[in-house]
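> Got a structure for you, written out below as structure tokens; questions coming shortly.
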Amino acid sequence: GDLDSNGNYLYITSNKPADHVASLRTLVSEAKALNPLMINVHSGHDSWSVATACDYFKAALDIEADAGVSLVHETHRQRLLGFPYSAAQILQQTELQALKINADLSHWCVACEHIFDANDPRDDWWPEGPQVADPSAPEYQPTVSAHLEWWAAIWQSQGIAGNSRPPAREVVMNFEF
């Protein structure tokens with residue numbers, strides 16, 4: 001993102017890959033001064049091809065290596081990983097195996113307008129609108145349950161829950177439904 005002449009934050013100001021790489025390099029440099037544990041990135045633009053996305057992510061991996069701080073790329077609307085089907089194509093690329101992902105799956109539910117459940121052949125339709133407003137509200141319980149199941153699966157796949165062995169990698173969780 002950038003700031004306009006009044007100091008207001010502008011979320012996406014370009015769809016050009018070179019602009020995004022330059023912005024990432026600048027923002028990582030600025031964030032690194034704060035000594036972060038990791039940096040969450042809203043990566044690229046959802047209009048790019050898989051090939052362009054791969055070029056961007058390869059540049060991001062180089063920036064990460066140069067900075068010496070982990071970059072995690074969020075599954076966020078309007079960004080490269082904001083839609084599950086294109087994200088799957090991008091993440092299958094062998095040259096991107098080192099990419100770290102922030103699985104904010106609520107964005108996929110909003111973008112696709114349904115809740116995905118691998119254990120149930122039907123998909124529950126997501127009401128058009130924002131993410132869950134109140135996770136304790138009864139009307140959101142199916143959605144909250146789906147998210148908790150996804151996060152448990154991620155935890156298990158990373159060797160976190162119920163295992164005596166050390167985790168496969170560091171995993172951080174902040175709840176968002």
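Identifiers in this document derive from the order of the structure tokens: chains are assigned A, B, ..., residues are numbered from 1 separately in each chain, and ligands are numbered from 1 in order of occurrence.
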Step one, run DSSP on the backbone; step two, keep only residues of region 13-123 of chain A assigned to strand (DSSP E or B); then write them as a ChimeraX atom specification.
/A:38-41,70-74,100-102,114-115
> Name the closest residue to Val132 (chain A) among the candidates A:Ser145, A:Gln78, A:Asn102, A:Asn15; distances are taken between atoms, counting only C-alpha atoms.
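Closest to Val132 (chain A) of all the choices is A:Ser145.
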> Can you work out which one of A:Cys109, A:Val50, A:Ile154, A:Leu61 has the shortest atom-to-atom distance to Gln89 (chain A), counting only C-alpha atoms?
A:Val50
> Mind checking which residues fall within 10 Å of Pro36 (chain A), counting only C-alpha atoms, ignoring those fewer than 5 positions away in the same chain, and posting them as a list in words?
Val28, Ala31, Val69 and Ser70 of chain A
> Please list as a CSV table (one decimal) with N, CA, C and O atoms, in the first residue's frame every residue within 12 Å of Gln131 (chain A), counting only C-alpha atoms and excluding residues in the same chain fewer than 6 positions away.

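The result, stored in out.csv:
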chain,number,residue,atom,x,y,z
A,77,ARG,N,-8.3,-11.6,0.0
A,77,ARG,CA,-9.0,-11.1,-1.2
A,77,ARG,C,-8.3,-10.0,-1.9
A,77,ARG,O,-7.5,-9.2,-1.3
A,104,ASP,N,-5.5,-17.4,6.1
A,104,ASP,CA,-6.7,-16.6,6.5
A,104,ASP,C,-7.9,-17.1,5.6
A,104,ASP,O,-8.3,-16.4,4.7
A,105,LEU,N,-8.4,-18.3,5.9
A,105,LEU,CA,-9.3,-18.9,5.1
A,105,LEU,C,-10.7,-18.3,5.0
A,105,LEU,O,-11.5,-18.5,4.1
A,106,SER,N,-10.9,-17.3,6.0
A,106,SER,CA,-12.2,-16.6,5.9
A,106,SER,C,-12.3,-15.8,4.6
A,106,SER,O,-13.4,-15.6,4.1
A,107,HIS,N,-11.2,-15.3,4.1
A,107,HIS,CA,-11.2,-14.6,2.8
A,107,HIS,C,-11.7,-15.5,1.7
A,107,HIS,O,-12.4,-15.0,0.8
A,108,TRP,N,-11.3,-16.8,1.7
A,108,TRP,CA,-11.8,-17.7,0.7
A,108,TRP,C,-13.3,-17.9,0.8
A,108,TRP,O,-14.0,-17.9,-0.2
A,109,CYS,N,-13.8,-18.0,2.0
A,109,CYS,CA,-15.3,-18.1,2.2
A,109,CYS,C,-16.0,-16.9,1.6
A,109,CYS,O,-17.1,-17.1,1.0
A,110,VAL,N,-15.5,-15.7,1.9
A,110,VAL,CA,-16.1,-14.5,1.4
A,110,VAL,C,-16.0,-14.4,-0.1
A,110,VAL,O,-17.0,-14.2,-0.8
A,111,ALA,N,-14.8,-14.7,-0.6
A,111,ALA,CA,-14.6,-14.5,-2.1
A,111,ALA,C,-15.4,-15.5,-2.9
A,111,ALA,O,-16.0,-15.2,-3.9
A,113,GLU,N,-18.1,-17.2,-1.6
A,113,GLU,CA,-19.5,-17.2,-1.0
A,113,GLU,C,-19.9,-18.5,-0.5
A,113,GLU,O,-21.1,-18.8,-0.7
A,114,HIS,N,-19.0,-19.4,0.0
A,114,HIS,CA,-19.5,-20.6,0.6
A,114,HIS,C,-18.4,-21.1,1.5
A,114,HIS,O,-17.2,-20.8,1.4
A,115,ILE,N,-18.8,-22.0,2.4
A,115,ILE,CA,-17.9,-22.7,3.4
A,115,ILE,C,-17.5,-24.0,2.8
A,115,ILE,O,-18.4,-24.7,2.3
A,140,TYR,N,-23.7,-18.2,13.7
A,140,TYR,CA,-22.4,-18.4,13.0
A,140,TYR,C,-21.7,-19.7,13.4
A,140,TYR,O,-20.6,-20.0,13.0
A,143,THR,N,-20.2,-22.0,10.7
A,143,THR,CA,-19.0,-21.3,10.1
A,143,THR,C,-17.8,-21.4,11.1
A,143,THR,O,-16.7,-21.7,10.7
A,144,VAL,N,-18.0,-21.1,12.3
A,144,VAL,CA,-17.0,-21.1,13.3
A,144,VAL,C,-16.4,-22.6,13.4
A,144,VAL,O,-15.2,-22.8,13.5
A,147,HIS,N,-14.2,-23.4,10.5
A,147,HIS,CA,-12.8,-22.8,10.7
A,147,HIS,C,-12.0,-23.6,11.7
A,147,HIS,O,-10.8,-23.8,11.5
A,175,PHE,N,-7.0,-15.9,15.6
A,175,PHE,CA,-8.3,-16.3,15.1
A,175,PHE,C,-9.0,-15.2,14.3
A,175,PHE,O,-9.0,-14.0,14.7
A,176,GLU,N,-9.5,-15.6,13.1
A,176,GLU,CA,-10.3,-14.7,12.3
A,176,GLU,C,-11.3,-15.6,11.5
A,176,GLU,O,-10.9,-16.6,10.9
A,177,PHE,N,-12.6,-15.3,11.7
A,177,PHE,CA,-13.6,-16.2,11.0
A,177,PHE,C,-14.2,-15.5,9.9
A,177,PHE,O,-14.5,-14.3,10.0
> Considering only C-alpha atoms, return as number ranges by chain whatever protein or nucleic-acid residues lie within 12 Å of Leu96 (chain A), sequence-local ones (same chain, fewer than 3 positions apart) excluded.
A: 50-51, 53-62, 73, 87-93, 99-101
> Once you have the residues from the selection above, write them out as an mmCIF file, in the first residue's frame, restricted to C-alpha atoms.

data_model
loop_
_atom_site.group_PDB
_atom_site.id
_atom_site.type_symbol
_atom_site.label_atom_id
_atom_site.label_comp_id
_atom_site.auth_asym_id
_atom_site.auth_seq_id
_atom_site.Cartn_x
_atom_site.Cartn_y
_atom_site.Cartn_z
ATOM 1 C CA VAL A 50 0.320 -18.154 -12.473
ATOM 2 C CA ALA A 51 3.616 -17.416 -14.233
ATOM 3 C CA ALA A 53 2.617 -14.847 -9.582
ATOM 4 C CA CYS A 54 5.556 -17.264 -9.519
ATOM 5 C CA ASP A 55 7.951 -14.517 -10.630
ATOM 6 C CA TYR A 56 6.623 -12.250 -7.860
ATOM 7 C CA PHE A 57 6.901 -14.952 -5.202
ATOM 8 C CA LYS A 58 10.443 -15.859 -6.297
ATOM 9 C CA ALA A 59 11.366 -12.180 -5.855
ATOM 10 C CA ALA A 60 9.618 -12.209 -2.458
ATOM 11 C CA LEU A 61 11.669 -15.253 -1.398
ATOM 12 C CA ASP A 62 14.847 -13.370 -2.381
ATOM 13 C CA HIS A 73 1.843 -14.511 2.449
ATOM 14 C CA ALA A 87 -3.896 -20.348 -4.983
ATOM 15 C CA ALA A 88 -3.716 -24.130 -5.421
ATOM 16 C CA GLN A 89 -2.207 -23.711 -8.901
ATOM 17 C CA ILE A 90 0.351 -21.225 -7.615
ATOM 18 C CA LEU A 91 1.313 -23.225 -4.518
ATOM 19 C CA GLN A 92 1.858 -26.407 -6.562
ATOM 20 C CA GLN A 93 4.881 -24.804 -8.251
ATOM 21 C CA LEU A 99 6.870 -19.987 0.602
ATOM 22 C CA LYS A 100 5.208 -19.491 3.986
ATOM 23 C CA ILE A 101 1.437 -19.045 4.040
#
> Between CA of Leu148 (chain A) and CA of Thr94 (chain A), what distance in Å does the model show, to one decimal?
28.9 Å
> Select from region 23-164 of chain A everything DSSP, run on the backbone, classes as helix (DSSP H, G or I), then give the selection as an MDAnalysis selection string.
chainID A and resid 23:32 50:67 84:91 94:96 106:112 138:157
> Excluding same-chain residues fewer than 6 positions from region 42-44 of chain A, what lies within 6 Å of it counting only C-alpha atoms, as a list of chain:residue names?
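Surrounding residues, per the criterion: A:Glu74, A:Arg79, A:Leu80.
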> Please dump the current selection as a PDB file, in the first residue's frame; keep all heavy atoms.

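So the final result, stored in again_10.pdb, reads:
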ATOM      1  N   GLU A  74      -0.439 -13.914   2.950  1.00  0.00           N
ATOM      2  CA  GLU A  74      -1.804 -14.149   3.401  1.00  0.00           C
ATOM      3  C   GLU A  74      -2.745 -14.508   2.247  1.00  0.00           C
ATOM      4  O   GLU A  74      -2.652 -13.936   1.164  1.00  0.00           O
ATOM      5  CB  GLU A  74      -2.329 -12.906   4.123  1.00  0.00           C
ATOM      6  CG  GLU A  74      -3.694 -13.101   4.729  1.00  0.00           C
ATOM      7  CD  GLU A  74      -4.126 -11.956   5.611  1.00  0.00           C
ATOM      8  OE1 GLU A  74      -3.265 -11.188   6.100  1.00  0.00           O
ATOM      9  OE2 GLU A  74      -5.343 -11.832   5.829  1.00  0.00           O
ATOM     10  N   ARG A  79      -5.785 -10.412  -3.711  1.00  0.00           N
ATOM     11  CA  ARG A  79      -4.354 -10.717  -3.783  1.00  0.00           C
ATOM     12  C   ARG A  79      -4.139 -12.077  -4.442  1.00  0.00           C
ATOM     13  O   ARG A  79      -5.071 -12.810  -4.739  1.00  0.00           O
ATOM     14  CB  ARG A  79      -3.748 -10.679  -2.374  1.00  0.00           C
ATOM     15  CG  ARG A  79      -3.896  -9.331  -1.690  1.00  0.00           C
ATOM     16  CD  ARG A  79      -3.269  -8.214  -2.505  1.00  0.00           C
ATOM     17  NE  ARG A  79      -3.291  -6.954  -1.771  1.00  0.00           N
ATOM     18  CZ  ARG A  79      -2.429  -5.979  -1.964  1.00  0.00           C
ATOM     19  NH1 ARG A  79      -1.483  -6.093  -2.863  1.00  0.00           N
ATOM     20  NH2 ARG A  79      -2.528  -4.874  -1.264  1.00  0.00           N
ATOM     21  N   LEU A  80      -2.882 -12.438  -4.642  1.00  0.00           N
ATOM     22  CA  LEU A  80      -2.555 -13.648  -5.402  1.00  0.00           C
ATOM     23  C   LEU A  80      -3.143 -14.927  -4.813  1.00  0.00           C
ATOM     24  O   LEU A  80      -3.484 -15.845  -5.550  1.00  0.00           O
ATOM     25  CB  LEU A  80      -1.031 -13.803  -5.517  1.00  0.00           C
ATOM     26  CG  LEU A  80      -0.354 -12.758  -6.395  1.00  0.00           C
ATOM     27  CD1 LEU A  80       1.160 -12.901  -6.301  1.00  0.00           C
ATOM     28  CD2 LEU A  80      -0.828 -12.877  -7.832  1.00  0.00           C
TER      29      LEU A  80
END
> Of the candidates A:Pro17, A:Pro84, A:Gly7, A:Pro138, which one gets nearest to His45 (chain A) if we count only C-alpha atoms?
A:Pro17
